[in-house]
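Source file: upload.cif. Holds: mmCIF, C-alpha atoms.
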```
data_final
loop_
_atom_site.label_atom_id
_atom_site.label_comp_id
_atom_site.auth_asym_id
_atom_site.auth_seq_id
_atom_site.Cartn_x
_atom_site.Cartn_y
_atom_site.Cartn_z
CA MET A 1 -22.66 -8.85 0.70
CA VAL A 2 -19.54 -6.73 0.78
CA VAL A 3 -16.40 -7.19 -1.33
CA LEU A 4 -13.32 -5.53 0.12
CA SER A 5 -11.36 -3.05 -1.94
CA GLU A 6 -8.20 -5.17 -1.58
CA GLU A 7 -10.04 -8.07 -3.20
CA MET A 8 -10.70 -5.93 -6.25
CA ASP A 9 -8.15 -5.00 -8.89
CA GLY A 10 -8.66 -1.27 -8.81
CA ALA A 11 -11.34 0.76 -10.52
CA MET A 12 -13.43 -0.99 -13.12
CA GLU A 13 -16.72 -0.93 -14.94
CA ILE A 14 -18.68 -4.02 -13.91
CA ASP A 15 -21.12 -5.33 -16.51
CA ALA A 16 -21.70 -8.91 -15.39
CA ILE A 17 -21.55 -11.12 -12.31
CA ALA A 18 -20.65 -14.79 -12.57
CA LEU A 19 -21.39 -17.46 -9.99
CA LYS A 20 -20.26 -21.10 -10.03
CA ARG A 21 -22.97 -23.76 -10.01
CA HIS A 22 -22.79 -26.78 -7.73
CA PRO A 23 -23.16 -30.08 -9.65
CA ASP A 24 -26.23 -31.12 -7.63
CA SER A 25 -28.05 -27.87 -8.38
CA GLN A 26 -30.89 -27.56 -10.81
CA PRO A 27 -29.79 -26.05 -14.14
CA GLN A 28 -32.25 -23.17 -14.18
CA ALA A 29 -34.21 -20.90 -11.90
CA ASN A 30 -36.89 -18.32 -12.53
CA PHE A 31 -37.28 -15.24 -10.38
CA GLN A 32 -40.70 -13.57 -10.14
CA GLN A 33 -38.65 -10.43 -9.97
CA LEU A 34 -34.94 -9.91 -9.53
CA THR A 35 -33.33 -6.65 -8.44
CA ILE A 36 -29.57 -6.29 -8.16
CA SER A 37 -28.12 -3.19 -6.56
CA MET A 38 -24.53 -2.13 -6.10
CA GLY A 39 -22.97 0.60 -4.02
CA LEU A 40 -20.08 1.55 -1.80
CA CYS A 41 -19.36 0.75 1.83
CA GLU A 42 -16.84 2.21 4.28
CA SER A 43 -16.70 -0.73 6.66
CA ASP A 44 -15.16 -4.18 6.11
CA THR A 45 -18.09 -5.77 7.94
CA LEU A 46 -21.82 -5.21 7.63
CA SER A 47 -24.59 -4.08 9.92
CA ASP A 48 -27.80 -6.11 9.92
CA THR A 49 -29.74 -3.11 8.52
CA TYR A 50 -29.33 -3.08 4.75
CA GLU A 51 -29.47 0.63 4.05
CA ASP A 52 -27.06 1.50 6.87
CA ASN A 53 -24.25 -0.26 5.02
CA TYR A 54 -24.20 2.02 1.98
CA ILE A 55 -22.26 5.23 1.77
CA PRO A 56 -25.23 7.62 1.33
CA GLY A 57 -26.13 8.23 -2.29
CA THR A 58 -24.12 5.35 -3.73
CA LYS A 59 -26.80 2.62 -3.96
CA THR A 60 -27.51 2.01 -7.65
CA THR A 61 -29.92 -0.41 -9.30
CA VAL A 62 -28.04 -2.30 -11.99
CA LEU A 63 -30.71 -4.86 -12.91
CA GLU A 64 -34.46 -4.93 -12.33
CA GLU A 65 -36.44 -7.58 -14.19
CA SER A 66 -39.69 -9.44 -13.79
CA ASN A 67 -40.03 -13.11 -14.71
CA PHE A 68 -36.26 -13.40 -15.00
CA THR A 69 -34.72 -16.76 -15.87
CA VAL A 70 -31.15 -17.66 -15.03
CA ASP A 71 -29.55 -20.59 -16.85
CA ALA A 72 -26.71 -22.48 -15.25
CA PRO A 73 -26.40 -25.51 -17.53
CA ALA A 74 -23.23 -27.11 -16.20
CA GLY A 75 -22.06 -28.04 -12.73
CA ASP A 76 -18.71 -26.65 -11.59
CA GLU A 77 -18.95 -24.00 -14.31
CA TRP A 78 -19.49 -20.27 -14.07
CA PHE A 79 -22.77 -18.80 -15.24
CA TYR A 80 -23.20 -15.11 -15.92
CA VAL A 81 -25.86 -12.58 -15.02
CA ASN A 82 -25.48 -9.57 -17.30
CA LEU A 83 -26.32 -6.22 -15.75
CA GLU A 84 -28.70 -3.85 -17.50
CA GLU A 85 -26.71 -0.87 -16.29
CA PRO A 86 -22.94 -1.23 -15.91
CA TYR A 87 -21.65 -0.17 -12.51
CA TRP A 88 -18.57 2.02 -12.19
CA TYR A 89 -16.55 0.87 -9.18
CA ASN A 90 -14.13 3.53 -7.93
CA GLY A 91 -11.36 1.16 -6.81
CA GLU A 92 -11.14 2.74 -3.35
CA ASP A 93 -14.15 1.88 -1.20
CA ASN A 94 -15.58 -1.53 -0.44
CA LEU A 95 -18.26 -2.77 -2.83
CA ILE A 96 -21.76 -3.90 -1.83
CA LEU A 97 -23.76 -6.29 -4.01
CA GLU A 98 -27.41 -6.78 -3.07
CA PHE A 99 -29.78 -9.34 -4.60
CA GLU A 100 -33.53 -9.12 -3.92
CA TRP A 101 -36.26 -11.42 -5.10
CA PRO A 102 -39.77 -12.12 -3.75
CA GLY A 103 -39.99 -15.72 -4.93
CA GLY A 104 -39.43 -18.00 -7.84
CA THR A 105 -39.16 -21.53 -9.09
CA GLY A 106 -36.16 -23.81 -9.21
CA SER A 107 -33.14 -23.80 -6.96
CA LEU A 108 -29.68 -22.77 -8.02
CA TYR A 109 -26.95 -23.80 -5.63
CA VAL A 110 -23.70 -21.94 -6.01
CA TYR A 111 -20.34 -22.24 -4.30
CA HIS A 112 -19.68 -19.94 -1.39
CA TRP A 113 -16.62 -19.28 0.72
CA PHE A 114 -16.33 -18.45 4.39
CA THR A 115 -14.84 -15.02 5.02
CA GLY A 116 -14.65 -15.29 8.81
CA GLU A 117 -16.38 -11.92 9.18
CA ASN A 118 -19.93 -10.59 8.92
CA ARG A 119 -19.79 -9.92 5.20
CA ALA A 120 -23.37 -10.85 4.23
CA VAL A 121 -26.91 -10.03 5.37
CA ASN A 122 -29.77 -12.41 4.59
CA GLY A 123 -33.41 -11.68 5.24
CA GLY A 124 -36.96 -11.83 4.01
CA TYR A 125 -37.96 -9.94 0.89
CA GLY A 126 -38.89 -6.35 1.68
CA SER A 127 -37.42 -6.53 5.17
CA GLY A 128 -35.18 -3.68 6.26
CA SER A 129 -32.83 -5.93 8.17
CA GLY A 130 -31.68 -9.53 8.27
CA TYR A 131 -29.18 -11.84 9.91
CA LEU A 132 -25.46 -11.53 9.49
CA GLU A 133 -23.23 -14.29 8.23
CA GLY A 134 -19.75 -14.95 6.93
CA ASN A 135 -20.46 -16.94 3.77
CA ILE A 136 -20.52 -15.07 0.49
CA PRO A 137 -20.61 -16.46 -3.05
CA HIS A 138 -17.46 -17.31 -4.93
CA MET A 139 -17.84 -15.03 -7.93
CA LEU A 140 -16.34 -13.27 -10.89
CA LEU A 141 -16.94 -9.58 -11.48
CA SER A 142 -16.64 -9.11 -15.20
CA GLY A 143 -16.10 -5.87 -17.08
CA ALA A 144 -13.33 -3.50 -17.97
CA LEU A 145 -10.42 -2.24 -15.91
CA SER A 146 -9.68 1.45 -16.11
CA PHE A 147 -6.42 2.92 -17.31
CA GLU A 148 -4.76 5.43 -15.05
CA GLN A 149 -5.86 8.94 -15.85
CA THR A 150 -2.26 9.90 -16.58
CA THR A 151 -1.70 7.35 -19.32
CA PHE A 152 -2.82 9.44 -22.27
CA GLY A 153 -1.04 12.57 -21.11
CA ARG A 154 2.19 10.71 -20.58
CA ILE A 155 2.14 9.17 -24.05
CA LYS A 156 1.33 12.48 -25.69
CA THR A 157 4.11 14.28 -23.86
CA ILE A 158 6.71 11.72 -24.83
CA LEU A 159 5.77 11.85 -28.53
CA ILE A 160 5.71 15.62 -28.80
CA GLN A 161 9.18 15.87 -27.31
CA MET B 1 2.82 13.15 -35.66
CA LEU B 2 -0.74 14.24 -34.96
CA ARG B 3 -2.11 11.00 -36.33
CA THR B 4 0.23 9.02 -34.13
CA VAL B 5 -0.79 10.94 -31.06
CA LEU B 6 -4.47 10.47 -31.80
CA ALA B 7 -4.07 6.76 -32.48
CA LEU B 8 -2.22 6.16 -29.24
CA GLY B 9 -4.71 8.32 -27.40
CA LEU B 10 -7.52 6.09 -28.58
CA LEU B 11 -5.57 3.02 -27.54
CA ALA B 12 -4.91 4.44 -24.09
CA SER B 13 -8.54 5.33 -23.52
CA ALA B 14 -9.77 1.91 -24.57
CA ALA B 15 -10.98 -0.30 -21.76
CA LEU B 16 -9.11 -3.43 -20.80
CA ALA B 17 -11.49 -6.35 -20.45
CA ALA B 18 -11.02 -8.14 -17.19
CA GLU B 19 -12.56 -10.45 -14.65
CA VAL B 20 -11.90 -10.16 -10.95
CA GLU B 21 -12.31 -13.38 -8.97
CA VAL B 22 -13.64 -12.83 -5.48
CA GLY B 23 -13.16 -15.64 -3.00
CA THR B 24 -11.55 -19.02 -3.06
CA PRO B 25 -13.07 -22.32 -4.20
CA ASP B 26 -14.66 -24.25 -1.35
CA PHE B 27 -16.29 -27.31 -2.80
CA GLU B 28 -17.91 -28.26 0.50
CA ASN B 29 -19.76 -24.96 0.72
CA SER B 30 -22.83 -24.72 -1.49
CA LEU B 31 -25.78 -22.46 -0.72
CA PRO B 32 -28.88 -21.46 -2.66
CA PHE B 33 -28.81 -18.41 -4.89
CA CYS B 34 -32.48 -18.74 -5.68
CA GLY B 35 -35.26 -20.92 -4.39
CA ASP B 36 -35.32 -23.10 -1.30
#
```
Please express the file's structure as structure tokens.
Amino acid sequence: MVVLSEEMDGAMEIDAIALKRHPDSQPQANFQQLTISMGLCESDTLSDTYEDNYIPGTKTTVLEESNFTVDAPAGDEWFYVNLEEPYWYNGEDNLILEFEWPGGTGSLYVYHWFTGENRAVNGGYGSGSGYLEGNIPHMLLSGALSFEQTTFGRIKTILIQ
Amino acid sequence: MLRTVLALGLLASAALAAEVEVGTPDFENSLPFCGD
């Protein structure tokens, strides 16, 4: 899926992704393997070929785990997936989030929202392409916002004067 | 003066914890994240 730069709040280090569980969902799911990748995208909409959507060289694996369990104990509440490697988002390009898993047990249902554009690609595990759709998860990207690069210099200059 | 500059420099370089919400709640729209 792609998150547009205007939906972000500038550059930030992302260290967790939160999704909101539907009340009717099961409270836990186990992935045989889960890989989460993040990267940058120039376009506001996606092509059906996964790799074509990334700005070359920007795709980064932020989590890769086998036998990975996700707990979502409460309906209508956010649950968090902590990344193994924080991702530095530059605040300028659009942001791609990609989830891959070959199979698992349990079903987690999470709230989505309809973007009106082709902002997601869904397909079989290991496939190079999938089908386009407009629904993407309602989510929180959790981490740390960056200060402007000028902040320290400005403070130092004022004090020395 | 030097101590003050260093202390504020550390403060300015510290990260500001934040969460960015992407999307709007749509309680009729629930899809699987994992499973069938």
The PyMOL selection byres ((chain A) within 9 of (chain B)) on the file shown: which residues, as a PyMOL selection string?
chain A and resi 3+7-9+12-14+21-22+25+29-31+101+103-115+135-147+149+151-153+155-156+159-160
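Between CA of Gln28 (chain A) and CA of Glu100 (chain A) lies a distance of 17.4 Å.
Using all atoms listed in the file, the contacts of Gln33 (chain A) at a cut-off of 7 Å, with sequence neighbours closer than 4 positions omitted, comprise Glu65, Ser66, Asn67, Phe68, Trp101 and Pro102 of chain A.
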Which distance in Å separates CA of Gly126 (chain A) and CA of Thr69 (chain A), to one decimal?
20.8 Å
Mind giving me the straight-line distance from CA of Asn118 (chain A) to CA of Lys59 (chain A) in Å, one decimal?
19.7 Å
Step by step: start from the point (-25.9, -16.4, -21.2) in the file's coordinates, keep every protein, DNA or RNA residue that has an atom no farther than 12 Å from it, count all atoms listed in the file, and write the set as an NGL selection string.
:A and (16-18 or 28 or 69-73 or 78-83)
Env of Glu6 (chain A): 9 Å cut, atoms = all atoms listed in the file, seq-sep filter 6 positions within chain, self excluded. Answer as a list in words.
Gly91, Glu92 and Asn94 of chain A
So that all listed atoms of region 17-27 of chain B fit with 3 Å spare on each side, what axis-aligned box centre and edge lengths in Å, to one decimal, would you give as lines of an AutoDock Vina configuration file?
```
center_x = -13.7
center_y = -16.8
center_z = -10.9
size_x = 11.3
size_y = 27.0
size_z = 25.1
```
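Selection by the PyMOL selection byres ((chain A and resi 50) around 10) on the present file picks out Met1, Leu46, Ser47, Asp48, Thr49, Glu51, Asp52, Asn53, Tyr54, Glu98, Ala120, Val121, Asn122, Gly123, Ser127, Gly128, Ser129 and Gly130 of chain A.
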